[in-house]
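Enquirer: work.tsv is reproduced in full below (TSV, C-alpha atoms).
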chain	number	residue	atom	x	y	z
A	1	MET	CA	-196.59	-25.42	-9.61
A	2	ASN	CA	-197.10	-27.43	-6.44
A	3	ARG	CA	-198.38	-30.81	-7.56
A	4	LEU	CA	-200.61	-31.10	-4.47
A	5	PHE	CA	-203.05	-28.67	-6.09
A	6	PRO	CA	-204.43	-28.40	-9.61
A	7	SER	CA	-203.51	-25.15	-11.30
A	8	THR	CA	-205.87	-22.44	-12.45
A	9	SER	CA	-204.63	-22.74	-16.02
A	10	GLY	CA	-208.19	-23.37	-17.16
A	11	ALA	CA	-209.01	-19.78	-16.35
A	12	GLN	CA	-208.21	-17.06	-18.79
A	13	GLY	CA	-205.00	-15.18	-18.16
A	14	PHE	CA	-204.85	-11.60	-16.97
A	15	ALA	CA	-204.37	-10.30	-20.51
A	16	GLY	CA	-207.45	-12.13	-21.80
A	17	VAL	CA	-209.67	-10.85	-19.00
A	18	ALA	CA	-208.28	-7.35	-19.44
A	19	ARG	CA	-209.11	-7.48	-23.16
A	20	MET	CA	-212.69	-8.44	-22.38
A	21	ALA	CA	-212.92	-5.63	-19.83
A	22	VAL	CA	-211.69	-3.14	-22.44
A	23	VAL	CA	-214.17	-4.47	-25.02
A	24	VAL	CA	-217.04	-4.09	-22.54
A	25	LEU	CA	-216.01	-0.57	-21.59
A	26	VAL	CA	-215.39	0.62	-25.15
A	27	GLY	CA	-218.64	-0.95	-26.37
A	28	ALA	CA	-220.63	0.78	-23.63
A	29	VAL	CA	-219.03	4.16	-24.36
A	30	VAL	CA	-219.55	3.86	-28.13
A	31	LEU	CA	-223.23	2.97	-27.74
A	32	ALA	CA	-223.74	5.74	-25.20
A	33	VAL	CA	-222.18	8.36	-27.46
A	34	ALA	CA	-224.11	7.08	-30.49
A	35	SER	CA	-227.38	7.39	-28.57
A	36	LEU	CA	-226.73	11.11	-28.07
A	37	LEU	CA	-226.25	11.80	-31.77
A	38	PRO	CA	-229.11	13.43	-33.72
A	39	GLU	CA	-231.77	10.98	-34.89
A	40	SER	CA	-231.00	11.98	-38.46
A	41	SER	CA	-227.45	10.65	-38.09
A	42	PRO	CA	-226.83	7.16	-39.57
A	43	LEU	CA	-224.82	6.34	-36.43
A	44	HIS	CA	-227.67	7.17	-34.05
A	45	VAL	CA	-228.67	4.40	-31.62
A	46	SER	CA	-232.17	4.33	-30.17
A	47	ALA	CA	-232.96	4.56	-26.46
A	48	PHE	CA	-234.39	1.04	-26.67
A	49	THR	CA	-231.04	-0.30	-27.86
A	50	VAL	CA	-229.23	1.49	-25.04
A	51	SER	CA	-231.62	-0.04	-22.48
A	52	LEU	CA	-231.11	-3.48	-24.01
A	53	ALA	CA	-227.34	-3.10	-23.86
A	54	GLY	CA	-227.53	-2.07	-20.21
A	55	LYS	CA	-229.74	-5.06	-19.51
A	56	TYR	CA	-227.28	-7.43	-21.19
A	57	LEU	CA	-224.33	-6.05	-19.22
A	58	SER	CA	-226.30	-6.34	-15.98
A	59	TYR	CA	-227.03	-9.97	-16.78
A	60	ALA	CA	-223.33	-10.42	-17.51
A	61	MET	CA	-222.66	-9.47	-13.87
A	62	LEU	CA	-224.96	-12.30	-12.80
A	63	ALA	CA	-223.23	-14.72	-15.17
A	64	LEU	CA	-219.83	-13.68	-13.81
A	65	ALA	CA	-221.07	-14.36	-10.27
A	66	VAL	CA	-222.31	-17.82	-11.29
A	67	ASP	CA	-219.02	-18.61	-13.03
A	68	LEU	CA	-217.06	-17.85	-9.87
A	69	VAL	CA	-218.89	-20.45	-7.81
A	70	TRP	CA	-219.62	-23.02	-10.52
A	71	GLY	CA	-216.59	-22.73	-12.74
A	72	PHE	CA	-213.97	-22.43	-10.01
A	73	ALA	CA	-215.47	-23.85	-6.80
A	74	GLY	CA	-217.63	-26.51	-8.44
A	75	ILE	CA	-220.85	-25.30	-6.77
A	76	LEU	CA	-223.71	-25.65	-9.24
A	77	THR	CA	-226.03	-22.90	-8.08
A	78	LEU	CA	-229.64	-22.80	-9.24
A	79	GLY	CA	-230.60	-19.86	-7.08
A	80	HIS	CA	-228.30	-16.95	-7.87
A	81	ALA	CA	-231.21	-15.02	-9.35
A	82	ALA	CA	-232.28	-14.49	-5.73
A	83	PHE	CA	-229.19	-12.38	-5.00
A	84	PHE	CA	-229.64	-10.52	-8.29
A	85	ALA	CA	-233.26	-9.71	-7.43
A	86	LEU	CA	-232.44	-8.67	-3.85
A	87	GLY	CA	-229.89	-6.18	-5.16
A	88	GLY	CA	-232.54	-4.92	-7.55
A	89	TYR	CA	-235.11	-4.48	-4.78
A	90	ALA	CA	-232.58	-2.65	-2.60
A	91	MET	CA	-232.02	-0.10	-5.36
A	92	GLY	CA	-235.72	-0.09	-6.24
A	93	MET	CA	-236.59	1.00	-2.69
A	94	TYR	CA	-234.42	4.08	-3.12
A	95	LEU	CA	-235.91	4.85	-6.53
A	96	MET	CA	-239.43	4.55	-5.10
A	97	ARG	CA	-238.60	7.02	-2.33
A	98	GLU	CA	-237.11	9.38	-4.94
A	99	ILE	CA	-240.57	9.71	-6.50
A	100	GLY	CA	-241.72	11.62	-3.42
A	101	ALA	CA	-244.94	13.58	-3.83
A	102	ARG	CA	-244.98	13.00	-7.61
A	103	GLY	CA	-246.76	9.68	-7.17
A	104	VAL	CA	-250.40	9.04	-8.01
A	105	TYR	CA	-251.51	9.76	-4.43
A	106	GLY	CA	-249.15	12.68	-3.88
A	107	ASN	CA	-247.75	11.30	-0.63
A	108	ALA	CA	-244.10	12.19	-0.07
A	109	SER	CA	-243.62	9.67	2.76
A	110	LEU	CA	-245.19	6.47	1.42
A	111	PRO	CA	-244.90	4.79	-2.00
A	112	ASP	CA	-248.15	4.54	-3.95
A	113	PHE	CA	-248.59	0.80	-3.43
A	114	MET	CA	-248.49	1.21	0.35
A	115	ILE	CA	-251.21	3.86	0.27
A	116	PHE	CA	-253.29	1.63	-2.01
A	117	LEU	CA	-252.94	-1.19	0.53
A	118	SER	CA	-253.94	1.18	3.39
A	119	TRP	CA	-250.52	1.27	5.04
A	120	THR	CA	-250.23	4.21	7.45
A	121	LYS	CA	-246.48	4.27	8.08
A	122	LEU	CA	-243.26	3.16	6.49
A	123	PRO	CA	-242.05	-0.32	7.61
A	124	TRP	CA	-238.83	-0.37	9.63
A	125	TYR	CA	-236.92	-2.15	6.87
A	126	TRP	CA	-237.62	0.82	4.59
A	127	TRP	CA	-235.92	3.25	6.98
A	128	GLY	CA	-233.04	5.05	5.32
A	129	SER	CA	-234.09	3.91	1.85
A	130	GLY	CA	-234.38	7.52	0.73
A	131	HIS	CA	-230.59	7.87	0.82
A	132	PHE	CA	-228.54	6.68	-2.15
A	133	LEU	CA	-225.51	5.63	-0.11
A	134	TRP	CA	-227.70	3.54	2.18
A	135	ALA	CA	-229.25	1.90	-0.86
A	136	CYS	CA	-225.78	1.07	-2.21
A	137	LEU	CA	-224.88	-0.49	1.13
A	138	LEU	CA	-228.05	-2.59	1.07
A	139	VAL	CA	-227.26	-3.72	-2.49
A	140	LEU	CA	-224.11	-5.36	-1.12
A	141	ALA	CA	-225.20	-6.23	2.41
A	142	VAL	CA	-228.56	-7.94	1.82
A	143	PRO	CA	-227.34	-10.52	-0.73
A	144	GLY	CA	-224.06	-10.87	1.18
A	145	VAL	CA	-225.70	-11.56	4.55
A	146	LEU	CA	-228.24	-13.98	3.09
A	147	ALA	CA	-225.49	-15.81	1.20
A	148	GLY	CA	-223.35	-15.87	4.34
A	149	VAL	CA	-226.07	-17.42	6.50
A	150	PHE	CA	-227.17	-19.89	3.83
A	151	GLY	CA	-223.61	-20.82	2.90
A	152	TRP	CA	-222.46	-21.23	6.49
A	153	LEU	CA	-225.30	-23.63	7.24
A	154	ALA	CA	-224.95	-25.57	3.99
A	155	PHE	CA	-221.16	-25.85	3.75
A	156	ARG	CA	-220.74	-26.49	7.47
A	157	SER	CA	-223.10	-29.45	7.06
A	158	ARG	CA	-221.06	-30.54	4.01
A	159	VAL	CA	-224.05	-30.40	1.70
A	160	SER	CA	-222.84	-30.59	-1.87
A	161	GLY	CA	-223.69	-31.77	-5.36
A	162	VAL	CA	-227.27	-32.03	-6.48
A	163	TYR	CA	-228.56	-31.59	-2.93
A	164	LEU	CA	-226.98	-28.15	-2.67
A	165	SER	CA	-228.33	-27.23	-6.10
A	166	ILE	CA	-231.85	-28.17	-5.00
A	167	MET	CA	-231.44	-26.13	-1.82
A	168	THR	CA	-230.39	-23.03	-3.77
A	169	GLN	CA	-233.39	-23.47	-6.06
A	170	ALA	CA	-235.69	-23.84	-3.05
A	171	LEU	CA	-234.23	-20.64	-1.58
A	172	THR	CA	-235.03	-18.49	-4.59
A	173	TYR	CA	-238.47	-20.09	-4.97
A	174	ALA	CA	-239.31	-19.37	-1.32
A	175	LEU	CA	-238.23	-15.75	-1.74
A	176	MET	CA	-240.33	-15.43	-4.88
A	177	LEU	CA	-243.43	-16.63	-3.01
A	178	ALA	CA	-242.71	-14.25	-0.13
A	179	PHE	CA	-242.28	-11.22	-2.37
A	180	PHE	CA	-245.52	-12.02	-4.17
A	181	GLN	CA	-247.39	-11.35	-0.91
A	182	ASN	CA	-248.84	-7.85	-0.65
A	183	GLY	CA	-248.23	-7.81	3.08
A	184	PHE	CA	-244.49	-8.32	2.61
A	185	GLY	CA	-244.05	-4.65	1.86
A	186	PHE	CA	-242.50	-4.73	-1.61
A	187	GLY	CA	-245.41	-4.16	-3.97
A	188	GLY	CA	-246.65	-7.74	-4.29
A	189	ASN	CA	-246.89	-9.16	-7.79
A	190	ASN	CA	-246.56	-5.68	-9.33
A	191	GLY	CA	-243.24	-5.08	-7.61
A	192	LEU	CA	-241.60	-1.64	-7.66
A	193	THR	CA	-241.92	0.55	-10.75
A	194	ASP	CA	-242.78	3.99	-12.15
A	195	PHE	CA	-239.37	5.36	-11.16
A	196	LYS	CA	-238.77	9.03	-11.95
A	197	ASP	CA	-235.14	9.90	-11.32
A	198	ILE	CA	-231.89	8.91	-9.65
A	199	LEU	CA	-229.81	11.44	-7.71
A	200	GLY	CA	-231.98	14.14	-9.25
A	201	ALA	CA	-231.37	13.03	-12.85
A	202	ASP	CA	-234.37	12.10	-14.99
A	203	LEU	CA	-234.24	8.35	-15.65
A	204	HIS	CA	-236.03	8.84	-18.97
A	205	SER	CA	-233.53	11.36	-20.26
A	206	PRO	CA	-231.25	10.15	-23.10
A	207	VAL	CA	-228.24	11.59	-21.27
A	208	THR	CA	-229.09	9.71	-18.05
A	209	ARG	CA	-229.59	6.47	-19.97
A	210	ALA	CA	-226.24	6.95	-21.70
A	211	VAL	CA	-224.46	7.65	-18.41
A	212	LEU	CA	-226.04	4.61	-16.76
A	213	LEU	CA	-224.87	2.41	-19.62
A	214	VAL	CA	-221.31	3.70	-19.26
A	215	ILE	CA	-221.44	3.19	-15.48
A	216	THR	CA	-222.64	-0.38	-16.02
A	217	GLY	CA	-219.78	-0.99	-18.42
A	218	VAL	CA	-217.26	0.43	-15.95
A	219	VAL	CA	-218.62	-1.64	-13.06
A	220	LEU	CA	-218.62	-4.83	-15.15
A	221	ALA	CA	-215.05	-4.19	-16.30
A	222	LEU	CA	-213.94	-3.65	-12.70
A	223	ALA	CA	-215.83	-6.78	-11.62
A	224	LEU	CA	-213.99	-8.79	-14.27
A	225	MET	CA	-210.62	-7.58	-13.06
A	226	LEU	CA	-211.52	-8.09	-9.40
A	227	SER	CA	-212.77	-11.61	-10.13
A	228	ARG	CA	-209.53	-12.38	-11.94
A	229	PHE	CA	-207.63	-11.20	-8.85
A	230	VAL	CA	-209.76	-13.47	-6.64
A	231	VAL	CA	-209.22	-16.63	-8.70
A	232	ALA	CA	-205.53	-15.97	-9.31
A	233	GLY	CA	-202.74	-17.15	-7.05
A	234	ARG	CA	-203.03	-19.34	-4.01
A	235	PHE	CA	-206.71	-18.74	-3.32
A	236	GLY	CA	-207.56	-19.63	-6.91
A	237	ASN	CA	-205.61	-22.87	-6.55
A	238	LEU	CA	-207.52	-23.60	-3.36
A	239	LEU	CA	-210.83	-23.05	-5.16
A	240	VAL	CA	-209.90	-25.53	-7.88
A	241	ALA	CA	-208.54	-27.97	-5.32
A	242	VAL	CA	-211.82	-27.85	-3.41
A	243	ARG	CA	-213.69	-28.35	-6.67
A	244	ASP	CA	-211.63	-31.32	-7.85
A	245	ALA	CA	-210.47	-32.97	-4.62
A	246	GLU	CA	-212.30	-31.65	-1.59
A	247	SER	CA	-211.46	-34.59	0.69
A	248	ARG	CA	-207.78	-34.37	-0.19
A	249	THR	CA	-207.78	-30.63	0.43
A	250	ARG	CA	-209.31	-31.16	3.88
A	251	PHE	CA	-206.76	-33.88	4.63
A	252	LEU	CA	-203.97	-31.39	3.91
A	253	GLY	CA	-205.27	-29.12	6.66
A	254	TYR	CA	-207.38	-26.63	4.73
A	255	ARG	CA	-211.03	-25.81	5.48
A	256	PRO	CA	-212.99	-26.26	2.24
A	257	GLU	CA	-216.16	-24.89	3.81
A	258	GLN	CA	-214.43	-21.57	4.53
A	259	VAL	CA	-213.05	-21.34	0.98
A	260	LYS	CA	-216.50	-22.04	-0.43
A	261	LEU	CA	-218.15	-19.54	1.87
A	262	LEU	CA	-215.79	-16.73	0.90
A	263	VAL	CA	-216.31	-17.11	-2.83
A	264	TRP	CA	-220.04	-17.73	-2.34
A	265	VAL	CA	-220.56	-14.46	-0.45
A	266	PHE	CA	-218.40	-12.49	-2.89
A	267	SER	CA	-220.35	-13.98	-5.78
A	268	ALA	CA	-223.69	-13.07	-4.19
A	269	MET	CA	-222.58	-9.46	-3.74
A	270	LEU	CA	-221.55	-9.26	-7.40
A	271	ALA	CA	-224.97	-10.57	-8.40
A	272	GLY	CA	-226.61	-7.96	-6.17
A	273	VAL	CA	-224.69	-5.15	-7.89
A	274	GLY	CA	-225.84	-6.52	-11.24
A	275	GLY	CA	-229.45	-6.44	-10.04
A	276	ALA	CA	-229.13	-2.82	-8.89
A	277	LEU	CA	-227.74	-1.76	-12.27
A	278	TYR	CA	-230.50	-3.72	-14.01
A	279	VAL	CA	-233.28	-1.89	-12.17
A	280	THR	CA	-232.00	1.58	-13.01
A	281	GLN	CA	-232.11	0.80	-16.73
A	282	VAL	CA	-235.10	-1.48	-17.07
A	283	GLY	CA	-237.30	0.58	-14.74
A	284	ILE	CA	-239.02	-2.22	-12.85
A	285	ILE	CA	-238.32	-5.01	-10.37
A	286	ASN	CA	-240.91	-7.63	-9.47
A	287	PRO	CA	-240.98	-11.11	-7.89
A	288	GLY	CA	-240.64	-12.69	-11.33
A	289	GLU	CA	-236.90	-11.96	-11.11
A	290	PHE	CA	-236.68	-14.59	-8.36
A	291	ALA	CA	-238.03	-17.30	-10.67
A	292	PRO	CA	-235.84	-20.45	-10.63
A	293	ALA	CA	-235.89	-20.38	-14.44
A	294	ASN	CA	-233.81	-17.20	-14.34
A	295	SER	CA	-231.14	-18.94	-12.29
A	296	ILE	CA	-231.12	-21.88	-14.67
A	297	GLU	CA	-230.74	-19.52	-17.62
A	298	SER	CA	-227.71	-17.93	-15.98
A	299	VAL	CA	-226.08	-21.36	-15.74
A	300	ILE	CA	-226.71	-21.83	-19.46
A	301	TRP	CA	-225.07	-18.46	-20.20
A	302	VAL	CA	-221.94	-19.61	-18.40
A	303	ALA	CA	-221.94	-23.00	-20.12
A	304	VAL	CA	-222.32	-21.42	-23.55
A	305	GLY	CA	-219.59	-18.85	-22.96
A	306	GLY	CA	-217.16	-21.19	-21.22
A	307	ARG	CA	-217.21	-22.33	-17.64
A	308	GLY	CA	-214.27	-21.23	-15.54
A	309	THR	CA	-213.03	-18.53	-17.92
A	310	LEU	CA	-214.65	-15.33	-16.52
A	311	SER	CA	-214.68	-13.66	-19.94
A	312	GLY	CA	-216.74	-16.57	-21.27
A	313	ALA	CA	-219.46	-15.85	-18.71
A	314	VAL	CA	-219.78	-12.28	-19.96
A	315	LEU	CA	-219.71	-13.36	-23.60
A	316	GLY	CA	-222.28	-16.11	-23.02
A	317	ALA	CA	-224.68	-13.79	-21.21
A	318	VAL	CA	-224.56	-11.20	-23.99
A	319	LEU	CA	-224.81	-13.70	-26.86
A	320	VAL	CA	-227.66	-15.75	-25.38
A	321	ASN	CA	-229.69	-12.70	-24.40
A	322	MET	CA	-229.18	-11.14	-27.83
A	323	GLY	CA	-230.43	-14.39	-29.32
A	324	LYS	CA	-233.36	-14.36	-26.93
A	325	THR	CA	-234.32	-10.84	-28.00
A	326	VAL	CA	-234.30	-11.82	-31.68
A	327	PHE	CA	-235.85	-15.27	-31.21
A	328	THR	CA	-238.73	-14.08	-29.02
A	329	ALA	CA	-239.55	-11.41	-31.60
A	330	TRP	CA	-239.91	-14.05	-34.32
A	331	LEU	CA	-241.11	-17.19	-32.53
A	332	PRO	CA	-241.76	-16.35	-28.87
A	333	GLU	CA	-243.55	-19.60	-28.08
A	334	PHE	CA	-240.51	-21.68	-29.10
A	335	TRP	CA	-237.84	-19.79	-27.15
A	336	LEU	CA	-237.64	-22.27	-24.28
A	337	TYR	CA	-237.23	-25.15	-26.72
A	338	GLY	CA	-234.46	-23.22	-28.45
A	339	LEU	CA	-232.75	-22.53	-25.12
A	340	GLY	CA	-232.88	-26.22	-24.20
A	341	LEU	CA	-231.48	-27.19	-27.58
A	342	LEU	CA	-228.69	-24.63	-27.19
A	343	PHE	CA	-227.70	-26.17	-23.87
A	344	LEU	CA	-227.69	-29.68	-25.35
A	345	VAL	CA	-225.58	-28.62	-28.32
A	346	THR	CA	-223.14	-26.83	-26.03
A	347	THR	CA	-222.85	-29.85	-23.73
A	348	LEU	CA	-222.31	-32.32	-26.58
A	349	PHE	CA	-220.18	-30.34	-29.02
A	350	LEU	CA	-218.76	-27.36	-27.08
A	351	PRO	CA	-217.98	-28.64	-23.58
A	352	LYS	CA	-215.60	-25.71	-23.08
A	353	GLY	CA	-218.07	-23.19	-24.50
A	354	VAL	CA	-217.42	-20.53	-27.09
A	355	MET	CA	-214.17	-19.55	-25.39
A	356	GLY	CA	-212.90	-23.07	-25.96
A	357	LEU	CA	-212.86	-22.39	-29.71
A	358	PHE	CA	-210.18	-19.76	-29.23
A	359	LYS	CA	-208.03	-21.65	-26.76
A	360	PRO	CA	-205.05	-23.57	-28.21
A	361	ALA	CA	-204.61	-27.20	-27.27
A	362	PRO	CA	-202.52	-27.46	-24.09
A	363	ARG	CA	-198.97	-28.76	-24.45
A	364	LYS	CA	-197.60	-31.32	-22.08
A	365	GLU	CA	-195.18	-29.96	-19.57
A	366	ALA	CA	-191.77	-31.58	-19.32
A	367	GLU	CA	-192.54	-32.95	-15.88
A	368	ASP	CA	-195.64	-34.72	-17.18
A	369	ILE	CA	-193.69	-36.68	-19.80
A	370	THR	CA	-192.33	-40.02	-18.67
A	371	PRO	CA	-188.92	-40.55	-20.31
A	372	GLU	CA	-188.20	-43.80	-22.01
A	373	VAL	CA	-185.92	-46.00	-19.92
A	374	SER	CA	-183.48	-48.16	-21.85
A	375	SER	CA	-181.21	-50.88	-20.59
A	376	PRO	CA	-177.56	-49.91	-20.02
A	377	GLU	CA	-175.02	-51.29	-22.43
A	378	GLY	CA	-173.75	-54.71	-21.52
A	379	ASP	CA	-176.92	-55.68	-19.59
A	380	GLU	CA	-178.55	-57.32	-22.55
A	381	ALA	CA	-178.88	-61.07	-22.32
Step by step, read the file and then write its structure as structure tokens.
Expert:
Amino acid sequence: MNRLFPSTSGAQGFAGVARMAVVVLVGAVVLAVASLLPESSPLHVSAFTVSLAGKYLSYAMLALAVDLVWGFAGILTLGHAAFFALGGYAMGMYLMREIGARGVYGNASLPDFMIFLSWTKLPWYWWGSGHFLWACLLVLAVPGVLAGVFGWLAFRSRVSGVYLSIMTQALTYALMLAFFQNGFGFGGNNGLTDFKDILGADLHSPVTRAVLLVITGVVLALALMLSRFVVAGRFGNLLVAVRDAESRTRFLGYRPEQVKLLVWVFSAMLAGVGGALYVTQVGIINPGEFAPANSIESVIWVAVGGRGTLSGAVLGAVLVNMGKTVFTAWLPEFWLYGLGLLFLVTTLFLPKGVMGLFKPAPRKEAEDITPEVSSPEGDEA
């Protein structure tokens, strides 16, 4: 390894990431098949459980996106929920148009909320939203373009550290306030909901729910492998170099702002895909998804699972959200205190997260060991 750059040895190897991808995929398939069994079967899984599993895997996409920029590039983002929500809204626009004349007002051209607000025509930014492929393009393009513009301005100005974190939080908060406005054209505080079908398939059908869960598992598994490819090799070393020694990296002739921008945009697009998958299974998207608290929670997922490990981000997202589901059912008013305590415990006692428990202690390489130098014979006084 070139000693000018730190290695990416902190990241999980290809085999470890591949194992997590297989676990995700197999788990999604097993749950999907179990949900299609007769209700009398002891192996039957309810539709609610399938929806929860899809929600967890969608959140895992967001956690993976956060891990890429925080764990490898050292960018502590407190606004990635914005990209997640934008991807969700892009898919939600298509699902709203799929309702057609089956809405409350029976208008095939305008969604119900627009008719309620006395809109007479579809806004220009809704053009093409009735086509699935266009919606998929928007899922990637909208978060990607926003991240590109924001990142170019921020990284070019060499904003970093806590200042960049505050800026990302301000971004998602500003978007939340904008989407709450009825005149913004996205349903105001109610958001987009009451979806009927996707590509002609009934969203409430057990088969459709099962297929969506499997698709989410496949996409997450592919995202894991693609992320591993991104952080491996020379570009991965550059990411870690920028994280640990940005000034030195710039002195060597590299452009840290370009490295940051590339991983930032890629991360935003991953988050957008997660948001799109989330909407199809949860059935609603509203401005609450932009809340800064959601971005902060995603950082906690990564910290709990293991920062800079990829698989740890997925594991942390699933474990914390499973705990949230159970905890809020028992003591909903104390969940935020429990989440804060979890973060403190992780910081103090598990700095490498859950994945750190399974990682063996690193051995010193031969080149890192300074040999003992003894005096030649005959030189003693």
Enquirer: Could you tell me which of A:Gly13, A:Gly87, A:Gly272, A:Gly217 comes closest to A:Val26 if we count all atoms listed in the file?
Expert: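 Distance minimum relative to A:Val26 lands on A:Gly217.
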Enquirer: Under the rule that all atoms listed in the file are counted, which of A:Leu319, A:Val45, A:Leu117, A:Ala101 is the nearest residue to A:Phe186?
Expert: A:Leu117
Enquirer: Record the distance separating atom CA of A:Gly74 and atom CA of A:Ser295, expressed in Å with one decimal.
Expert: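 Atom-to-atom, atom CA of A:Gly74 to atom CA of A:Ser295, that is 16.0 Å.
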Enquirer: Which one is closest to A:Pro123: A:Gly191, A:Pro287, A:Pro292, A:Pro111? Count only C-alpha atoms.
Expert: A:Pro111
Enquirer: Could you make a table, as CSV, of the residues of stretch 6-100 of chain A that have an atom within 8 Å of an atom of stretch 243-262 of chain A, each with its nearest atom pair and distance in Å to one decimal, counting all atoms listed in the file, in chain and number order?
Expert:
residue,atom,partner,partner_atom,distance
A:Pro6,CA,A:Asp244,CA,8.0
A:Val69,CA,A:Lys260,CA,7.9
A:Phe72,CA,A:Arg243,CA,6.8
A:Ala73,CA,A:Arg243,CA,4.8
A:Gly74,CA,A:Arg243,CA,4.7
A:Ile75,CA,A:Arg243,CA,7.8
Enquirer: Given the selection you just returned, output its residues as a file containing C-alpha atoms, formatted as a short mmCIF file (atom, residue, chain, number, x, y, z; two decimals), keeping the file's coordinate frame.
Expert:
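Output saved as again.cif:
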data_model
loop_
_atom_site.label_atom_id
_atom_site.label_comp_id
_atom_site.auth_asym_id
_atom_site.auth_seq_id
_atom_site.Cartn_x
_atom_site.Cartn_y
_atom_site.Cartn_z
CA PRO A 6 -204.43 -28.40 -9.61
CA VAL A 69 -218.89 -20.45 -7.81
CA PHE A 72 -213.97 -22.43 -10.01
CA ALA A 73 -215.47 -23.85 -6.80
CA GLY A 74 -217.63 -26.51 -8.44
CA ILE A 75 -220.85 -25.30 -6.77
#
Enquirer: Select, counting only C-alpha atoms, all protein, DNA and RNA residues no farther than 10 Å from (-236.1, -0.9, 3.5) in file coordinates, and express the selection as a ChimeraX atom specification.
Expert: /A:89-94,122-130,134-135,138,185-186
